[in-house]
$ cat structure_32.csv   # CSV, C-alpha atoms
chain,number,residue,atom,x,y,z
A,1,MET,CA,73.4,59.5,70.7
A,2,MET,CA,71.8,56.2,71.8
A,3,PRO,CA,73.7,53.0,71.5
A,4,LEU,CA,72.4,50.7,68.6
A,5,ARG,CA,71.4,47.9,70.9
A,6,THR,CA,69.4,50.2,73.2
A,7,LEU,CA,67.7,51.7,70.1
A,8,PHE,CA,66.7,48.2,68.8
A,9,TYR,CA,65.2,47.1,72.1
A,10,SER,CA,63.3,50.4,72.5
A,11,ALA,CA,61.8,50.0,69.0
A,12,LEU,CA,60.9,46.3,69.7
A,13,LEU,CA,59.1,47.2,72.9
A,14,ALA,CA,57.2,50.0,71.2
A,15,PHE,CA,56.0,47.6,68.4
A,16,ILE,CA,54.9,44.9,70.9
A,17,SER,CA,52.9,47.5,72.8
A,18,LEU,CA,51.1,48.5,69.6
A,19,ILE,CA,50.0,45.0,68.4
A,20,SER,CA,49.2,43.5,71.9
A,21,PRO,CA,45.6,44.9,71.9
A,22,VAL,CA,44.9,43.4,68.5
A,23,ILE,CA,46.2,40.0,69.5
A,24,ALA,CA,44.2,40.2,72.7
A,25,HIS,CA,41.0,40.6,70.7
A,26,GLU,CA,41.6,37.8,68.2
A,27,THR,CA,40.7,35.1,70.7
A,28,VAL,CA,38.5,32.4,69.2
A,29,HIS,CA,35.1,32.3,70.7
A,30,PRO,CA,32.7,29.4,70.6
A,31,PRO,CA,30.2,29.5,67.8
A,32,GLY,CA,26.8,31.1,68.5
A,33,LYS,CA,28.0,33.5,71.3
A,34,LYS,CA,27.8,37.3,71.1
A,35,VAL,CA,31.1,39.1,71.4
A,36,GLU,CA,31.9,42.7,71.4
A,37,HIS,CA,33.5,44.2,68.4
A,38,PRO,CA,37.0,45.4,69.2
A,39,THR,CA,36.5,48.9,67.9
A,40,LYS,CA,32.7,49.3,68.4
A,41,PRO,CA,31.6,47.7,71.7
A,42,SER,CA,28.0,48.8,71.2
A,43,LYS,CA,27.5,46.5,68.2
A,44,PRO,CA,27.9,42.8,69.1
A,45,VAL,CA,29.1,40.4,66.4
A,46,VAL,CA,27.4,37.1,66.0
A,47,VAL,CA,29.7,34.2,65.0
A,48,PRO,CA,27.7,31.9,62.7
A,49,THR,CA,27.2,28.4,63.9
A,50,LYS,CA,28.4,25.7,61.4
A,51,GLN,CA,25.9,23.0,60.7
A,52,SER,CA,27.1,19.6,59.7
A,53,PRO,CA,25.0,18.0,56.9
A,54,THR,CA,22.4,15.5,57.9
A,55,PRO,CA,23.4,12.1,56.6
A,56,THR,CA,20.9,10.5,54.2
A,57,LYS,CA,19.7,7.1,55.2
A,58,VAL,CA,19.9,4.5,52.4
A,59,GLU,CA,17.9,1.4,53.0
A,60,HIS,CA,19.4,-1.7,51.5
A,61,PRO,CA,17.0,-4.5,50.6
A,62,THR,CA,17.5,-7.7,52.3
A,63,LYS,CA,17.1,-9.6,49.0
A,64,PRO,CA,18.3,-8.3,45.6
A,65,PRO,CA,15.4,-7.4,43.2
A,66,LYS,CA,14.6,-10.1,40.7
A,67,LEU,CA,15.3,-9.0,37.2
A,68,PRO,CA,13.0,-10.2,34.4
A,69,VAL,CA,14.5,-13.1,32.5
A,70,ILE,CA,14.4,-12.4,28.7
A,71,PRO,CA,14.5,-15.7,26.7
A,72,PRO,CA,16.9,-15.7,23.8
A,73,LYS,CA,15.2,-15.0,20.5
A,74,LYS,CA,14.9,-18.0,18.2
A,75,PRO,CA,16.5,-17.4,14.8
A,76,ALA,CA,13.9,-16.6,12.2
A,77,LYS,CA,13.2,-19.2,9.6
A,78,PRO,CA,14.5,-18.3,6.2
A,79,PRO,CA,11.7,-17.4,3.9
A,80,ILE,CA,10.9,-19.8,1.1
A,81,HIS,CA,11.3,-18.0,-2.1
A,82,PRO,CA,9.5,-19.4,-5.2
A,83,THR,CA,11.7,-21.1,-7.7
A,84,LYS,CA,12.1,-19.2,-10.9
A,85,PRO,CA,10.8,-21.1,-14.0
A,86,GLU,CA,14.2,-21.3,-15.6
A,87,ASN,CA,15.5,-23.1,-12.5
A,88,ILE,CA,12.8,-25.7,-12.4
A,89,LYS,CA,14.0,-29.2,-13.2
A,90,VAL,CA,11.6,-31.9,-14.5
A,91,THR,CA,12.7,-35.4,-13.6
A,92,LYS,CA,9.8,-37.2,-15.1
A,93,ALA,CA,7.0,-36.3,-17.6
A,94,GLU,CA,4.2,-38.9,-18.2
A,95,PHE,CA,0.9,-39.1,-20.1
A,96,GLY,CA,-1.8,-41.7,-19.5
A,97,VAL,CA,-5.3,-42.5,-18.3
A,98,PHE,CA,-6.6,-42.4,-14.7
A,99,ARG,CA,-8.6,-45.5,-13.8
A,100,ARG,CA,-10.8,-45.7,-10.6
A,101,ASP,CA,-11.3,-49.1,-9.0
A,102,LYS,CA,-14.4,-50.2,-7.1
A,103,GLY,CA,-12.8,-49.0,-3.8
A,104,GLY,CA,-12.5,-45.5,-5.3
A,105,LYS,CA,-8.7,-45.6,-5.6
A,106,ILE,CA,-7.3,-43.8,-8.7
A,107,THR,CA,-4.5,-45.4,-10.6
A,108,PHE,CA,-2.4,-43.7,-13.2
A,109,ILE,CA,-1.7,-45.9,-16.3
A,110,PRO,CA,0.9,-44.5,-18.7
A,111,THR,CA,-0.3,-44.9,-22.3
A,112,LYS,CA,-0.5,-43.1,-25.7
A,113,LYS,CA,-3.9,-44.7,-26.5
A,114,VAL,CA,-7.0,-43.2,-25.0
A,115,PRO,CA,-10.2,-45.1,-25.4
A,116,LEU,CA,-13.2,-43.0,-26.5
A,117,GLU,CA,-15.2,-44.0,-23.4
A,118,GLU,CA,-17.5,-41.4,-21.8
A,119,GLY,CA,-16.3,-40.4,-18.3
A,120,LEU,CA,-12.7,-41.7,-18.8
A,121,ALA,CA,-10.1,-39.3,-17.4
A,122,TYR,CA,-6.8,-38.8,-19.1
A,123,GLY,CA,-4.0,-36.3,-18.8
A,124,TRP,CA,-0.4,-35.6,-17.8
A,125,ARG,CA,1.8,-35.3,-14.7
A,126,LEU,CA,5.2,-33.8,-14.1
A,127,GLN,CA,7.7,-34.7,-11.3
A,128,LEU,CA,9.7,-31.6,-10.3
A,129,LYS,CA,13.0,-31.9,-8.5
A,130,ASN,CA,13.2,-30.4,-5.0
A,131,TYR,CA,10.4,-28.0,-5.6
A,132,LYS,CA,8.2,-26.4,-2.8
A,133,GLY,CA,5.5,-23.8,-3.1
A,134,LYS,CA,3.2,-22.8,-5.9
A,135,VAL,CA,3.8,-23.0,-9.6
A,136,THR,CA,2.0,-21.4,-12.5
A,137,TRP,CA,1.7,-23.5,-15.7
A,138,LYS,CA,0.1,-23.2,-19.1
A,139,GLU,CA,-1.3,-25.9,-21.2
A,140,ILE,CA,-2.1,-25.8,-25.0
A,141,PHE,CA,-4.4,-28.7,-26.0
A,142,ARG,CA,-4.8,-29.2,-29.8
A,143,LEU,CA,-7.6,-31.5,-31.2
A,144,PRO,CA,-7.8,-32.9,-34.8
A,145,LYS,CA,-11.2,-31.2,-35.2
A,146,LEU,CA,-13.8,-29.2,-33.4
A,147,PRO,CA,-15.4,-31.0,-30.5
A,148,LEU,CA,-19.1,-30.9,-29.7
A,149,THR,CA,-18.4,-29.1,-26.3
A,150,TRP,CA,-15.5,-27.6,-24.4
A,151,GLY,CA,-15.7,-27.3,-20.6
A,152,THR,CA,-13.7,-26.7,-17.4
A,153,GLN,CA,-14.7,-26.9,-13.8
A,154,ASN,CA,-11.5,-25.6,-12.0
A,155,GLY,CA,-12.2,-21.9,-12.6
A,156,GLU,CA,-8.8,-21.4,-14.2
A,157,ASN,CA,-7.9,-19.0,-17.0
A,158,PHE,CA,-9.4,-20.7,-20.1
A,159,SER,CA,-9.6,-19.6,-23.7
A,160,LEU,CA,-10.1,-21.1,-27.2
A,161,SER,CA,-8.5,-20.6,-30.5
A,162,ASN,CA,-10.4,-18.9,-33.3
A,163,ASN,CA,-11.4,-22.2,-35.0
A,164,GLY,CA,-12.2,-23.8,-31.6
A,165,THR,CA,-9.8,-26.8,-32.1
A,166,ALA,CA,-7.3,-25.6,-29.4
A,167,ALA,CA,-7.7,-24.6,-25.8
A,168,VAL,CA,-5.3,-22.7,-23.6
A,169,THR,CA,-5.4,-23.3,-19.9
A,170,THR,CA,-3.4,-21.4,-17.3
A,171,ARG,CA,-3.5,-22.3,-13.6
A,172,THR,CA,-1.5,-21.9,-10.4
A,173,ASP,CA,-1.2,-25.0,-8.2
A,174,GLU,CA,0.3,-25.8,-4.9
A,175,VAL,CA,2.9,-28.4,-5.5
A,176,LYS,CA,2.5,-31.6,-3.4
A,177,LYS,CA,5.3,-34.1,-3.3
A,178,GLY,CA,6.8,-32.3,-6.3
A,179,ILE,CA,4.0,-33.4,-8.7
A,180,VAL,CA,2.1,-31.1,-11.1
A,181,LYS,CA,-0.7,-32.5,-13.1
A,182,ASN,CA,-3.9,-31.9,-15.2
A,183,SER,CA,-6.6,-34.1,-16.6
A,184,TRP,CA,-9.5,-34.1,-19.1
A,185,THR,CA,-12.6,-36.3,-19.3
A,186,VAL,CA,-14.0,-37.9,-22.4
A,187,THR,CA,-17.4,-36.4,-23.2
A,188,PRO,CA,-19.9,-37.2,-26.0
A,189,GLY,CA,-18.9,-35.5,-29.2
A,190,ASP,CA,-15.2,-35.6,-28.6
A,191,PRO,CA,-13.3,-36.4,-31.8
A,192,SER,CA,-11.0,-39.4,-32.3
A,193,GLY,CA,-7.6,-39.2,-33.8
A,194,ASN,CA,-4.3,-37.6,-32.9
A,195,HIS,CA,-4.1,-35.1,-30.1
A,196,LEU,CA,-1.3,-32.9,-28.8
A,197,ILE,CA,-0.8,-31.3,-25.4
A,198,GLU,CA,2.1,-28.8,-24.8
A,199,VAL,CA,3.0,-27.7,-21.2
A,200,TYR,CA,4.8,-24.5,-20.3
A,201,ILE,CA,6.0,-23.0,-17.0
A,202,GLY,CA,6.4,-19.3,-17.4
A,203,ASP,CA,7.6,-18.9,-21.0
A,204,ARG,CA,9.6,-22.1,-20.8
A,205,HIS,CA,8.4,-25.1,-22.8
A,206,ILE,CA,8.5,-28.1,-20.4
A,207,ALA,CA,6.9,-31.1,-22.2
A,208,SER,CA,4.9,-32.3,-25.2
A,209,PHE,CA,2.5,-35.2,-25.2
A,210,GLU,CA,1.2,-36.8,-28.4
A,211,PHE,CA,-1.5,-39.4,-28.1
A,212,GLU,CA,-4.4,-40.9,-30.0
A,213,VAL,CA,-8.0,-41.1,-29.0
A,214,VAL,CA,-9.5,-44.3,-30.4
A,215,LYS,CA,-12.9,-45.9,-30.4
A,216,PRO,CA,-13.2,-49.0,-28.1
A,217,ASN,CA,-13.2,-51.4,-31.0
A,218,GLN,CA,-10.0,-49.8,-32.4
A,219,LYS,CA,-8.0,-49.9,-29.2
A,220,LYS,CA,-4.6,-51.4,-29.7
A,221,LYS,CA,-1.9,-52.6,-27.4
A,222,LYS,CA,0.5,-50.0,-25.9
$ encode --input "structure_32.csv" --output "structure tokens"
Amino acid sequence: MMPLRTLFYSALLAFISLISPVIAHETVHPPGKKVEHPTKPSKPVVVPTKQSPTPTKVEHPTKPPKLPVIPPKKPAKPPIHPTKPENIKVTKAEFGVFRRDKGGKITFIPTKKVPLEEGLAYGWRLQLKNYKGKVTWKEIFRLPKLPLTWGTQNGENFSLSNNGTAAVTTRTDEVKKGIVKNSWTVTPGDPSGNHLIEVYIGDRHIASFEFEVVKPNQKKKK
């Protein structure tokens, strides 16, 4: 029987002798060289060469690129909405005659007496409060009897009553300085007597003008 210590050293020496050839062949070789395989010397083993990645060159501009300057957008102007007929306020309603002086200047003279003079213009005007844009108005003109002629030159919507003593005019005007107006001209065959003009905006009655057309020798003071 072998002592335990002797048996341990004998086994250790035998184990070292077995693994020493393997350790001897695990030597690290430089990449790229051919080395013999430990078990098959006839077939060399090629250790692959590790290639480090090529660094990519990034060119930095000497000056930063100029970015386009986008100007701030101006706020859009609020659209002007037409005033509804029921919201229109009339601050002044006048009727009278329009006289032209030698220089061509036209003067409005308020009156309820219209001379029966050929070529004389007469009519009405309305002052609207804080109004901008267009307005569509309707006028009903009633005469005491049938005139010799009816006429209009503005191309508006114009119609007559069945007996021809009343005319209905509808027109759309651009309001300037808040004023809306219309006028007629005395022509041969127009009747004298009491006349009536009624003005509407939409379906809303705005004003009524009663006046008298008189012959020149019957003209009275205002």
$ atom_distance --input "structure_32.csv" --atom1 "atom CA of A:Trp184" --atom2 "atom CA of A:Pro216"
17.8 Å
$ atom_distance --input "structure_32.csv" --atom1 "atom CA of A:Thr136" --atom2 "atom CA of A:Phe158"
13.7 Å
$ atom_distance --input "structure_32.csv" --atom1 "atom CA of A:Glu139" --atom2 "atom CA of A:Arg100"
24.4 Å
$ residues_around --input "structure_32.csv" --residues "A:Asn163" --least-positions-apart "5" --cutoff "12 Å" --atoms "all atoms listed in the file" --output "mmCIF file with C-alpha atoms, in the coordinates of the input"
data_model
loop_
_atom_site.group_PDB
_atom_site.id
_atom_site.type_symbol
_atom_site.label_atom_id
_atom_site.label_comp_id
_atom_site.auth_asym_id
_atom_site.auth_seq_id
_atom_site.Cartn_x
_atom_site.Cartn_y
_atom_site.Cartn_z
ATOM 1 C CA ARG A 142 -4.800 -29.200 -29.800
ATOM 2 C CA LEU A 143 -7.600 -31.500 -31.200
ATOM 3 C CA PRO A 144 -7.800 -32.900 -34.800
ATOM 4 C CA LYS A 145 -11.200 -31.200 -35.200
ATOM 5 C CA LEU A 146 -13.800 -29.200 -33.400
ATOM 6 C CA PRO A 147 -15.400 -31.000 -30.500
#
$ residues_around --input "structure_32.csv" --residues "A:Val168" --least-positions-apart "5" --cutoff "12 Å" --atoms "all atoms listed in the file" --output "list in words"
Trp137, Lys138, Glu139, Ile140, Phe141, Arg142, Leu143, Trp150, Gly151, Thr152, Glu156, Asn157, Phe158, Ser159, Leu160, Ser161, Asn162, Ile197, Glu198, Val199 and Tyr200 of chain A
$ write_last_selection --input "structure_32.csv" --atoms "C-alpha atoms" --output "PDB file, in the frame of the given file"
ATOM      1  CA  TRP A 137       1.700 -23.500 -15.700  1.00  0.00           C
ATOM      2  CA  LYS A 138       0.100 -23.200 -19.100  1.00  0.00           C
ATOM      3  CA  GLU A 139      -1.300 -25.900 -21.200  1.00  0.00           C
ATOM      4  CA  ILE A 140      -2.100 -25.800 -25.000  1.00  0.00           C
ATOM      5  CA  PHE A 141      -4.400 -28.700 -26.000  1.00  0.00           C
ATOM      6  CA  ARG A 142      -4.800 -29.200 -29.800  1.00  0.00           C
ATOM      7  CA  LEU A 143      -7.600 -31.500 -31.200  1.00  0.00           C
ATOM      8  CA  TRP A 150     -15.500 -27.600 -24.400  1.00  0.00           C
ATOM      9  CA  GLY A 151     -15.700 -27.300 -20.600  1.00  0.00           C
ATOM     10  CA  THR A 152     -13.700 -26.700 -17.400  1.00  0.00           C
ATOM     11  CA  GLU A 156      -8.800 -21.400 -14.200  1.00  0.00           C
ATOM     12  CA  ASN A 157      -7.900 -19.000 -17.000  1.00  0.00           C
ATOM     13  CA  PHE A 158      -9.400 -20.700 -20.100  1.00  0.00           C
ATOM     14  CA  SER A 159      -9.600 -19.600 -23.700  1.00  0.00           C
ATOM     15  CA  LEU A 160     -10.100 -21.100 -27.200  1.00  0.00           C
ATOM     16  CA  SER A 161      -8.500 -20.600 -30.500  1.00  0.00           C
ATOM     17  CA  ASN A 162     -10.400 -18.900 -33.300  1.00  0.00           C
ATOM     18  CA  ILE A 197      -0.800 -31.300 -25.400  1.00  0.00           C
ATOM     19  CA  GLU A 198       2.100 -28.800 -24.800  1.00  0.00           C
ATOM     20  CA  VAL A 199       3.000 -27.700 -21.200  1.00  0.00           C
ATOM     21  CA  TYR A 200       4.800 -24.500 -20.300  1.00  0.00           C
TER      22      TYR A 200
END
$ closest_residue --input "structure_32.csv" --among "A:Pro115, A:Gly123, A:Gly103, A:Pro188" --to "A:Ser208" --atoms "all atoms listed in the file"
A:Gly123
$ closest_residue --input "structure_32.csv" --among "A:Gly96, A:Gly193, A:Gly119, A:Gly133" --to "A:Thr172" --atoms "all atoms listed in the file"
A:Gly133
$ residues_around --input "structure_32.csv" --residues "A:Lys112" --least-positions-apart "4" --cutoff "12 Å" --atoms "only C-alpha atoms" --output "MDAnalysis selection string"
chainID A and resid 94:97 122:124 193:197 209:214 219:222
$ write_last_selection --input "structure_32.csv" --atoms "C-alpha atoms" --output "PDB file, in the frame of the given file"
ATOM      1  CA  GLU A  94       4.200 -38.900 -18.200  1.00  0.00           C
ATOM      2  CA  PHE A  95       0.900 -39.100 -20.100  1.00  0.00           C
ATOM      3  CA  GLY A  96      -1.800 -41.700 -19.500  1.00  0.00           C
ATOM      4  CA  VAL A  97      -5.300 -42.500 -18.300  1.00  0.00           C
ATOM      5  CA  TYR A 122      -6.800 -38.800 -19.100  1.00  0.00           C
ATOM      6  CA  GLY A 123      -4.000 -36.300 -18.800  1.00  0.00           C
ATOM      7  CA  TRP A 124      -0.400 -35.600 -17.800  1.00  0.00           C
ATOM      8  CA  GLY A 193      -7.600 -39.200 -33.800  1.00  0.00           C
ATOM      9  CA  ASN A 194      -4.300 -37.600 -32.900  1.00  0.00           C
ATOM     10  CA  HIS A 195      -4.100 -35.100 -30.100  1.00  0.00           C
ATOM     11  CA  LEU A 196      -1.300 -32.900 -28.800  1.00  0.00           C
ATOM     12  CA  ILE A 197      -0.800 -31.300 -25.400  1.00  0.00           C
ATOM     13  CA  PHE A 209       2.500 -35.200 -25.200  1.00  0.00           C
ATOM     14  CA  GLU A 210       1.200 -36.800 -28.400  1.00  0.00           C
ATOM     15  CA  PHE A 211      -1.500 -39.400 -28.100  1.00  0.00           C
ATOM     16  CA  GLU A 212      -4.400 -40.900 -30.000  1.00  0.00           C
ATOM     17  CA  VAL A 213      -8.000 -41.100 -29.000  1.00  0.00           C
ATOM     18  CA  VAL A 214      -9.500 -44.300 -30.400  1.00  0.00           C
ATOM     19  CA  LYS A 219      -8.000 -49.900 -29.200  1.00  0.00           C
ATOM     20  CA  LYS A 220      -4.600 -51.400 -29.700  1.00  0.00           C
ATOM     21  CA  LYS A 221      -1.900 -52.600 -27.400  1.00  0.00           C
ATOM     22  CA  LYS A 222       0.500 -50.000 -25.900  1.00  0.00           C
TER      23      LYS A 222
END
$ closest_residue --input "structure_32.csv" --among "A:Asn217, A:Thr187, A:Ser192, A:Thr165" --to "A:Ala121" --atoms "only C-alpha atoms"
A:Thr187
$ residues_near_point --input "structure_32.csv" --point "(-20.3, -38.9, -27.2)" --cutoff "9 Å" --atoms "only C-alpha atoms" --output "number ranges by chain"
A: 116-118, 148, 186-191
$ closest_residue --input "structure_32.csv" --among "A:Val90, A:Ile70, A:Val175, A:Val114" --to "A:Ala207" --atoms "only C-alpha atoms"
A:Val90
$ closest_residue --input "structure_32.csv" --among "A:His205, A:Lys113, A:Lys105, A:Lys129" --to "A:Val180" --atoms "all atoms listed in the file"
A:Lys129
$ closest_residue --input "structure_32.csv" --among "A:Lys177, A:Arg204, A:Arg171, A:Lys215" --to "A:Ile88" --atoms "all atoms listed in the file"
A:Arg204
$ residues_around --input "structure_32.csv" --residues "A:Gly178" --least-positions-apart "6" --cutoff "6 Å" --atoms "all atoms listed in the file" --output "list in words"
Gln127, Leu128 and Tyr131 of chain A
$ write_last_selection --input "structure_32.csv" --atoms "C-alpha atoms" --output "PDB file, in the coordinates of the input"
ATOM      1  CA  GLN A 127       7.700 -34.700 -11.300  1.00  0.00           C
ATOM      2  CA  LEU A 128       9.700 -31.600 -10.300  1.00  0.00           C
ATOM      3  CA  TYR A 131      10.400 -28.000  -5.600  1.00  0.00           C
TER       4      TYR A 131
END
